[in-house]
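A.B. asks: Structure provided below as structure tokens; questions to follow.
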Amino acid sequence: MSSRTSGSSHPSGALRSVTPVTVISRPGLAATPVAGVVDPFDGLRVAWCGRTSTDDVQDPTLSLPRQLDNSRHALPAGALIVAHFYDIESGRKNLEERGRGTAHDQFQIPIPRDGGIQDLLAEATRSDRRFDAVVCESIDRISRRTFYGTKIEHELEQAGIPLFAADEPITLTGKRATAILTRRVKQGIAEWYAIQMLEQSWDGLRTHTRQGWNVGHPPYGYLADKVPHPVPAKAAEGKTKTRLVPDPVRGPAVTQIFHWRAVDKLGYGDITDLLNADQDRYPPPMSLNPRYRDRNAWSRSGVREILRNPKYTGYMVYNRRATTSARGKVNPPSAWVWSDQPTHEPLVTRETFDAAQAIAQARQRSRRAPGPNRHRQTRHSYLLRSYIVCGLCERRMAGKTDHPRTYPAVYYYCQPDRNHKGRPDRFPDHPPTVRLREEPLLDAVHTFFADRIFGPHRRTLLEADLPVSDQRAHDDWQARRQALQKTIDDLTRRRDRLIARFDQLDEDNIDLDPETERELTRQLQIRFAELETQRRTKLAELHTQDAEPPPNEHHTELLDRLPHLQAHLAELPEHLQRHLYDAFHLQIRYHPNEHAITIRITISDDTVETLAHASQTILAPALNESRDPQPPVTISPTNTASRTRSTQSPAMAQSSRLGVEVQIRF
């Protein structure tokens with residue numbers, strides 16, 4: 001340790017008496033003087049640390065010079081600010097995220113910048129550092145969070161560098177107990193004040209949402225109905241509040257997008273292609289980013305964003321994204337704030353929205369394109385992948401080839417233990433492995449389409465099967481509903497156990513250091529969000545299930561609007577078969593206990609003309625045209641939906657539907 005008394009020249013030129021301050025000498029600095037260089041200043045060298053909030057909250061060109069001026073005047077005589085470190089950022093960010101922004105480049109700040117908080121901490125540990133102390137205007141300029149403020153203070157002290165604040169007594173005698181008490185009280189008050197402001201702001205935004213006011217730019221399909229601000233002073237400044245009203249041009253496009261997704265079960269790419277094929281009818285959205293405004297086209301991400309936005313249900317929803325704390329990360333649905341009642345005209349029903357979300361869950365990790373995937377070890381392609389599910393666990397069955405080099409046999413299998421190890425209660429009646437040969441399965445699918453969809457006796461076969469299929473459909477519907485309810489109950493119990501575990505930790509009053517407690521809380525919150533998201537997803541699937549009970553009325557006339565064709569599907573290449581199956585929404589359910597499969601397709605008056613066109617396009621040409629794996633003809637949307645629903649509210653429109661299914665035993 002060395003004691004340095006600064007009784008030498010002050011920057012003002014006057015000699016001033018200074019109380020001694022004890023600091024740790026910079027390692028190696030005194031032992032290795034630079035030959036021929038004489039340091040004219042031997043007082044206390046200080047680094048100034050400043051911070052101002054984001055540029056939309058404060059004016060950095062005013063705030064930072066004021067902080068520097070106040071810090072300079074608070075220093076004792078003989079002290080000199082030799083380095084300037086400052087940032088323009090929120091003081092509530094995590095320390096590892098601090099000091100890495102570039103907001104300071106946007107302003108003409110009349111202060112030389114040696115770096116940010118990270119640069120300050122890095123130089124503090126170096127042997128050639130330029131300063132022996134750090135000063136700030138107020139301790140909350142170091143951090144708005146007490147934990148990180150004390151952490152920075154501790155790291156500086158470990159390097160032998162005291163941290164001064166201009167609004168606190170600066171003592172250089174070494175006695176600092178009272179100063180530390182004062183600082184900790186100030187830090188606690190500052191953090192309390194910041195949290196209180198956040199909570200009050202949050203409560204205000206929740207009330208704002210429940211009253212039906214929109215935050216931000218209106219979503220595609222709506223227009224902003226601006227009304228004068230209810231506070232007269234703000235109204236006098238021209239400020240307004242916004243409600244949503246349907247856009248007569250773009251609103252129908254939103255309704256159609258949800259119809260394609262929830263009813264036709266199309267993917268993002270297919271919907272994007274249909275929208276771009278008729279931009280006069282479906283005007284593409286204008287990007288808020290000026291760099292992308294010239295694209296003038298729909299994108300998959302734009303379609304996905306529309307399908308995920310719950311405002312189209314007529315409810316006002318806030319906090320879908322963590323716009324400030326997590327760089328726009330999508331929050332789990334459990335964190336969303338919903339209005340209690342619909343606040344604006346819906347473009348889709350709540351049931352349709354929930355059904356669209358369930359489609360995403362059902363299609364997750366399922367590749368829809370024909371042919372083998374791009375993995376280098378792929379040797380085979382499985383024609384019926386993504387269409388067949390296990391009737392015991394409702395999971396998609398995967399393809400597998402036995403003896404691929406000698407006598408290849410293609411199977412579809414289900415092994416739930418792979419995804420639920422250690423949880424035998426998940427599917428207690430499920431065998432370890434369920435297998436189904438592809439060859440008889442393909443024969444059944446081909447025969448089903450040839451006889452019951454395109455054959456001359458299809459109407460007779462359908463009407464003969466209706467009583468049996470009705471009962472089977474009701475039983476399957478009830479079984480799926482019970483399975484979903486069981487999963488929801490299980491997720492609810494797991495969520496409640498997690499809450500109880502968290503409460504027990506609180507009651508046990510376990511003494512954890514702040515960082516460990518913060519990490520534990522974060523992990524518990526993440527796990528809670530995962531369970532709640534899964535639970536809400538299953539609830540959405542249950543709502544969809546309840547919204548689509550087995551029909552009491554069968555619109556068998558829809559079958560007559562399809563052409564009679566000689567369908568030799570086995571001779572078609574894979575990409576054409578899959579295109580046809582996608583158009584008819586083919587579903588295959590395997591019942592291992594009964595050694596049977598249920599094959600089902602769905603026709604509605606919104607899709608029947610498209611299906612007829614697709615069938616003619618795929619099956620009518622001569623089958624010897626080729627096995628050319630080029631993409632099949634694009635199926636364009638028809639105007640049937642708009643004609644049949646022109647007199648109805650877009651969100652409430654319902655179309656006639658017909659499900660054709662048959663159960664086949666092996």
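Just so we're on the same page: first chain in the structure tokens is A, next is B, and so on; residues restart at 1 for each chain, and ligands are numbered from 1 in the order they show up.
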If you run DSSP on the backbone here, which positions in stretch 137-264 of chain A get strand (DSSP E or B)? Please write them as a list in words.

C.D. replies: Leu163, Phe164, Ala165, Tyr222, Leu223, Ala224, Asp225, Lys226, Val227, Pro228, Thr240, Lys241, Thr242, Arg243, Leu244, Val245 and Pro246 of chain A

A.B. asks: Find the residues around A:Gly101 up to 8 Å (only C-alpha atoms counted), leave out those fewer than 5 positions away in its own chain, and share them as a compact mmCIF listing (two decimals) with N, CA and C atoms, in the first residue's frame.

C.D. replies:
```
# COMPACT_ATOMS: atom_id res chain seq x y z
N ASP A 87 -22.38 5.51 -21.17
CA ASP A 87 -23.25 4.73 -22.05
C ASP A 87 -24.62 5.38 -22.12
N ILE A 88 -25.30 5.12 -23.21
CA ILE A 88 -26.71 5.51 -23.35
C ILE A 88 -27.52 4.22 -23.39
N GLU A 89 -28.07 3.84 -22.25
CA GLU A 89 -28.76 2.56 -22.14
C GLU A 89 -29.55 2.52 -20.84
```

A.B. asks: For A:Pro110, which residue among A:Thr61, A:Ser71, A:Thr125, A:Thr349 is the nearest when counting only C-alpha atoms?

C.D. replies: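 Of all the options, A:Thr61 lies closest to A:Pro110.
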
A.B. asks: Contacts of stretch 150-165 of chain A at 6 Å or less, counting only C-alpha atoms, minus same-chain residues fewer than 5 places along, as a ChimeraX atom specification?

C.D. replies: /A:24,125,132-139

A.B. asks: Using only C-alpha atoms, can you tell me which of A:Ile111, A:Leu121, A:Cys393, A:Ala233 comes closest to A:Pro432?

C.D. replies: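 Checking each candidate against A:Pro432, we get A:Cys393 as the closest.
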
A.B. asks: Have a look at atom CA of A:Gly399 and atom CA of A:Tyr412 and let me know their distance in Å, one decimal.

C.D. replies: 4.5 Å

A.B. asks: I'd like to know which residues of stretch 515-580 of chain A are helix (DSSP H, G or I) (by DSSP, run on the backbone); could you write them as a PyMOL selection string?

C.D. replies: chain A and resi 515-547+557-560+569-571+574-580

A.B. asks: Put those residues in a file: N, CA and C atoms, as a CSV table (one decimal), in the first residue's frame.

C.D. replies:
```csv
chain,number,residue,atom,x,y,z
A,515,GLU,N,-27.2,-13.9,-6.5
A,515,GLU,CA,-27.1,-14.5,-7.9
A,515,GLU,C,-27.7,-15.8,-8.0
A,516,THR,N,-27.5,-16.7,-7.0
A,516,THR,CA,-28.1,-18.0,-7.0
A,516,THR,C,-29.6,-17.9,-7.0
A,517,GLU,N,-30.1,-17.0,-6.1
A,517,GLU,CA,-31.6,-16.9,-6.0
A,517,GLU,C,-32.2,-16.4,-7.3
A,518,ARG,N,-31.5,-15.4,-7.9
A,518,ARG,CA,-32.0,-14.9,-9.2
A,518,ARG,C,-32.0,-16.0,-10.2
A,519,GLU,N,-31.0,-16.8,-10.3
A,519,GLU,CA,-30.9,-17.9,-11.3
A,519,GLU,C,-32.0,-18.9,-11.0
A,520,LEU,N,-32.2,-19.3,-9.8
A,520,LEU,CA,-33.2,-20.3,-9.4
A,520,LEU,C,-34.6,-19.7,-9.8
A,521,THR,N,-34.8,-18.5,-9.5
A,521,THR,CA,-36.1,-17.8,-9.9
A,521,THR,C,-36.3,-17.9,-11.4
A,522,ARG,N,-35.2,-17.5,-12.1
A,522,ARG,CA,-35.3,-17.5,-13.6
A,522,ARG,C,-35.7,-18.9,-14.1
A,523,GLN,N,-35.0,-19.9,-13.6
A,523,GLN,CA,-35.3,-21.3,-14.1
A,523,GLN,C,-36.7,-21.7,-13.8
A,524,LEU,N,-37.2,-21.4,-12.6
A,524,LEU,CA,-38.5,-21.7,-12.2
A,524,LEU,C,-39.5,-21.0,-13.1
A,525,GLN,N,-39.2,-19.8,-13.4
A,525,GLN,CA,-40.1,-19.0,-14.3
A,525,GLN,C,-40.1,-19.6,-15.7
A,526,ILE,N,-39.0,-20.0,-16.2
A,526,ILE,CA,-38.9,-20.6,-17.5
A,526,ILE,C,-39.7,-21.9,-17.6
A,527,ARG,N,-39.5,-22.8,-16.5
A,527,ARG,CA,-40.3,-24.0,-16.5
A,527,ARG,C,-41.8,-23.8,-16.4
A,528,PHE,N,-42.1,-22.8,-15.6
A,528,PHE,CA,-43.6,-22.5,-15.4
A,528,PHE,C,-44.1,-22.1,-16.8
A,529,ALA,N,-43.4,-21.2,-17.5
A,529,ALA,CA,-43.8,-20.7,-18.8
A,529,ALA,C,-44.0,-21.9,-19.8
A,530,GLU,N,-43.0,-22.9,-19.7
A,530,GLU,CA,-43.1,-24.0,-20.6
A,530,GLU,C,-44.4,-24.8,-20.3
A,531,LEU,N,-44.6,-25.1,-19.1
A,531,LEU,CA,-45.8,-25.9,-18.7
A,531,LEU,C,-47.1,-25.2,-19.1
A,532,GLU,N,-47.1,-23.9,-18.8
A,532,GLU,CA,-48.3,-23.1,-19.1
A,532,GLU,C,-48.6,-23.0,-20.6
A,533,THR,N,-47.5,-22.9,-21.4
A,533,THR,CA,-47.7,-22.8,-22.8
A,533,THR,C,-48.2,-24.2,-23.4
A,534,GLN,N,-47.6,-25.3,-22.8
A,534,GLN,CA,-48.1,-26.6,-23.3
A,534,GLN,C,-49.6,-26.8,-22.9
A,535,ARG,N,-49.9,-26.3,-21.7
A,535,ARG,CA,-51.3,-26.5,-21.2
A,535,ARG,C,-52.3,-25.6,-22.0
A,536,ARG,N,-51.9,-24.4,-22.4
A,536,ARG,CA,-52.8,-23.6,-23.2
A,536,ARG,C,-52.9,-24.1,-24.6
A,537,THR,N,-51.8,-24.7,-25.1
A,537,THR,CA,-51.9,-25.3,-26.5
A,537,THR,C,-52.9,-26.5,-26.5
A,538,LYS,N,-52.8,-27.3,-25.4
A,538,LYS,CA,-53.7,-28.4,-25.4
A,538,LYS,C,-55.2,-27.9,-25.1
A,539,LEU,N,-55.3,-26.8,-24.4
A,539,LEU,CA,-56.6,-26.3,-24.2
A,539,LEU,C,-57.2,-25.8,-25.6
A,540,ALA,N,-56.3,-25.2,-26.4
A,540,ALA,CA,-56.7,-24.7,-27.7
A,540,ALA,C,-57.1,-25.9,-28.6
A,541,GLU,N,-56.4,-27.0,-28.4
A,541,GLU,CA,-56.8,-28.2,-29.2
A,541,GLU,C,-58.1,-28.8,-28.7
A,542,LEU,N,-58.3,-28.7,-27.4
A,542,LEU,CA,-59.6,-29.2,-26.8
A,542,LEU,C,-60.8,-28.3,-27.3
A,543,HIS,N,-60.5,-26.9,-27.4
A,543,HIS,CA,-61.6,-26.0,-27.9
A,543,HIS,C,-61.9,-26.4,-29.3
A,544,THR,N,-60.8,-26.7,-30.1
A,544,THR,CA,-61.0,-27.0,-31.5
A,544,THR,C,-61.8,-28.3,-31.6
A,545,GLN,N,-61.5,-29.3,-30.7
A,545,GLN,CA,-62.2,-30.6,-30.7
A,545,GLN,C,-63.7,-30.3,-30.4
A,546,ASP,N,-63.9,-29.5,-29.4
A,546,ASP,CA,-65.3,-29.2,-29.0
A,546,ASP,C,-66.1,-28.5,-30.1
A,547,ALA,N,-65.3,-27.6,-30.8
A,547,ALA,CA,-66.0,-26.8,-31.9
A,547,ALA,C,-66.3,-27.6,-33.1
A,557,GLU,N,-74.1,-34.4,-51.0
A,557,GLU,CA,-74.2,-33.8,-52.4
A,557,GLU,C,-72.8,-33.3,-52.8
A,558,LEU,N,-71.9,-33.0,-51.8
A,558,LEU,CA,-70.6,-32.4,-52.1
A,558,LEU,C,-69.8,-33.5,-52.9
A,559,LEU,N,-70.0,-34.8,-52.6
A,559,LEU,CA,-69.3,-35.8,-53.3
A,559,LEU,C,-69.6,-35.8,-54.8
A,560,ASP,N,-70.9,-35.5,-55.1
A,560,ASP,CA,-71.3,-35.5,-56.5
A,560,ASP,C,-70.6,-34.4,-57.3
A,569,LEU,N,-53.7,-44.6,-58.5
A,569,LEU,CA,-52.8,-43.8,-57.7
A,569,LEU,C,-51.4,-44.5,-57.6
A,570,ALA,N,-51.4,-45.8,-57.6
A,570,ALA,CA,-50.1,-46.5,-57.4
A,570,ALA,C,-49.2,-46.2,-58.5
A,571,GLU,N,-49.6,-45.8,-59.7
A,571,GLU,CA,-48.8,-45.5,-60.8
A,571,GLU,C,-48.3,-44.0,-60.8
A,574,GLU,N,-44.5,-40.0,-56.4
A,574,GLU,CA,-44.7,-39.6,-55.0
A,574,GLU,C,-45.2,-38.2,-54.9
A,575,HIS,N,-44.6,-37.2,-55.6
A,575,HIS,CA,-44.9,-35.8,-55.4
A,575,HIS,C,-46.4,-35.5,-55.8
A,576,LEU,N,-46.9,-36.3,-56.8
A,576,LEU,CA,-48.3,-36.0,-57.2
A,576,LEU,C,-49.3,-36.7,-56.3
A,577,GLN,N,-48.9,-37.9,-55.7
A,577,GLN,CA,-49.8,-38.5,-54.7
A,577,GLN,C,-49.9,-37.6,-53.5
A,578,ARG,N,-48.8,-37.1,-53.0
A,578,ARG,CA,-48.8,-36.3,-51.8
A,578,ARG,C,-49.6,-35.0,-52.1
A,579,HIS,N,-49.5,-34.4,-53.2
A,579,HIS,CA,-50.2,-33.2,-53.6
A,579,HIS,C,-51.7,-33.5,-53.5
A,580,LEU,N,-52.1,-34.6,-54.0
A,580,LEU,CA,-53.5,-35.0,-53.9
A,580,LEU,C,-54.0,-35.2,-52.5
```

A.B. asks: As a VMD selection string, please: the residues near stretch 583-600 of chain A (cut-off 9 Å, only C-alpha atoms, same-chain neighbours under 3 positions excluded).

C.D. replies: chain A and resid 264 to 266 384 386 to 392 394 434 to 436 441 444 to 445 448 578 to 580 603 607 610 to 611 614 635 659 to 666

A.B. asks: What lies within 9 Å of A:Pro310 using only C-alpha atoms, ignoring chain neighbours under 5 positions off, as an mmCIF file with C-alpha atoms, in the first residue's frame?

C.D. replies:
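What ended up in out.cif:
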```
data_model
loop_
_atom_site.group_PDB
_atom_site.id
_atom_site.type_symbol
_atom_site.label_atom_id
_atom_site.label_comp_id
_atom_site.auth_asym_id
_atom_site.auth_seq_id
_atom_site.Cartn_x
_atom_site.Cartn_y
_atom_site.Cartn_z
ATOM 1 C CA TYR A 315 -60.161 -8.946 -28.106
ATOM 2 C CA MET A 316 -57.454 -6.414 -27.364
ATOM 3 C CA VAL A 317 -54.218 -8.153 -26.375
ATOM 4 C CA ARG A 350 -62.014 -17.327 -31.155
ATOM 5 C CA PHE A 353 -58.008 -18.702 -33.979
#
```

A.B. asks: Pick from A:Thr313, A:Thr556, A:Gln415, A:Gln196: nearest to A:Lys400, with only C-alpha atoms counted?

C.D. replies: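 That would be A:Gln415, the residue with the smallest distance to A:Lys400.
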
A.B. asks: Considering only C-alpha atoms, can you say which of A:Arg480, A:Tyr148, A:Pro283, A:Ala74 comes closest to A:Pro169?

C.D. replies: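 Closest to A:Pro169 of all the choices is A:Ala74.
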
A.B. asks: May I ask for the distance between atom CA of A:Pro346 and atom CA of A:Ile257, given in Å to one decimal place?

C.D. replies: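 Taking atom CA of A:Pro346 as the start and atom CA of A:Ile257 as the end point, the length is 14.1 Å.
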
A.B. asks: Name the residues in contact with stretch 117-119 of chain A at a cut-off of 10 Å, using only C-alpha atoms, excluding same-chain residues fewer than 4 positions from it; report them as a list of chain:residue names.

C.D. replies: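 So, after excluding close chain neighbours, the residues are A:Cys49, A:Gly50, A:Arg51, A:Phe85, A:Tyr86, A:Asp87, A:Leu95, A:Glu96, A:Glu97, A:Arg98, A:Gly99, A:Arg100, A:Glu123, A:Ala124, A:Ile142, A:Ile152.
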
A.B. asks: Please write the residues from the selection above to a file, keeping C-alpha atoms, as a compact mmCIF listing (two decimals), in the first residue's frame.

C.D. replies:
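And here is the file that came out, part-v3.txt:
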```txt
# COMPACT_ATOMS: atom_id res chain seq x y z
CA CYS A 49 -18.66 7.07 -15.22
CA GLY A 50 -21.89 8.36 -16.68
CA ARG A 51 -25.10 6.81 -17.96
CA PHE A 85 -16.66 6.32 -19.63
CA TYR A 86 -20.35 6.60 -20.42
CA ASP A 87 -23.25 4.73 -22.05
CA LEU A 95 -24.39 -6.44 -16.33
CA GLU A 96 -23.19 -8.73 -19.12
CA GLU A 97 -25.40 -6.77 -21.56
CA ARG A 98 -24.24 -3.36 -20.40
CA GLY A 99 -21.78 -1.14 -22.27
CA ARG A 100 -22.18 -2.86 -25.64
CA GLU A 123 -9.07 -1.12 -17.47
CA ALA A 124 -9.49 -1.18 -13.69
CA ILE A 142 -23.91 2.87 -12.12
CA ILE A 152 -19.53 -3.24 -9.85
```

A.B. asks: Please identify all polymer residues within 9 Å of A:Val245, counting only C-alpha atoms, omitting same-chain residues fewer than 2 positions from it, and present them as a list in words.

C.D. replies: Gly221, Tyr222, Leu223, Ala224, Asp225, Arg243, Asp247, His344 and Glu345 of chain A

A.B. asks: Put those residues in a file: N, CA and C atoms, as a PDB file, in the first residue's frame.

C.D. replies:
```pdb
ATOM      1  N   GLY A 221     -55.157  -5.666 -41.795  1.00  0.00           N
ATOM      2  CA  GLY A 221     -56.579  -5.988 -41.795  1.00  0.00           C
ATOM      3  C   GLY A 221     -57.412  -5.020 -40.978  1.00  0.00           C
ATOM      4  N   TYR A 222     -56.748  -4.159 -40.206  1.00  0.00           N
ATOM      5  CA  TYR A 222     -57.451  -3.153 -39.414  1.00  0.00           C
ATOM      6  C   TYR A 222     -56.931  -1.759 -39.764  1.00  0.00           C
ATOM      7  N   LEU A 223     -57.773  -0.773 -39.498  1.00  0.00           N
ATOM      8  CA  LEU A 223     -57.394   0.622 -39.619  1.00  0.00           C
ATOM      9  C   LEU A 223     -57.442   1.265 -38.244  1.00  0.00           C
ATOM     10  N   ALA A 224     -56.696   2.352 -38.074  1.00  0.00           N
ATOM     11  CA  ALA A 224     -56.657   3.057 -36.793  1.00  0.00           C
ATOM     12  C   ALA A 224     -57.760   4.103 -36.753  1.00  0.00           C
ATOM     13  N   ASP A 225     -58.654   3.963 -35.792  1.00  0.00           N
ATOM     14  CA  ASP A 225     -59.688   4.967 -35.550  1.00  0.00           C
ATOM     15  C   ASP A 225     -59.205   5.847 -34.398  1.00  0.00           C
ATOM     16  N   ARG A 243     -58.474   3.088 -31.553  1.00  0.00           N
ATOM     17  CA  ARG A 243     -59.244   1.840 -31.580  1.00  0.00           C
ATOM     18  C   ARG A 243     -59.110   1.216 -32.967  1.00  0.00           C
ATOM     19  N   ASP A 247     -60.478  -3.071 -41.929  1.00  0.00           N
ATOM     20  CA  ASP A 247     -60.129  -2.503 -43.226  1.00  0.00           C
ATOM     21  C   ASP A 247     -60.971  -3.228 -44.281  1.00  0.00           C
ATOM     22  N   HIS A 344     -63.411  -4.722 -30.339  1.00  0.00           N
ATOM     23  CA  HIS A 344     -63.527  -4.257 -31.715  1.00  0.00           C
ATOM     24  C   HIS A 344     -64.091  -5.403 -32.556  1.00  0.00           C
ATOM     25  N   GLU A 345     -64.489  -5.108 -33.772  1.00  0.00           N
ATOM     26  CA  GLU A 345     -65.118  -6.121 -34.621  1.00  0.00           C
ATOM     27  C   GLU A 345     -64.109  -7.207 -34.983  1.00  0.00           C
TER      28      GLU A 345
END
```

A.B. asks: To one decimal place, how far is atom CA of A:Gly91 from atom CA of A:Tyr318 in Å?

C.D. replies: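 A separation of 24.3 Å between them.
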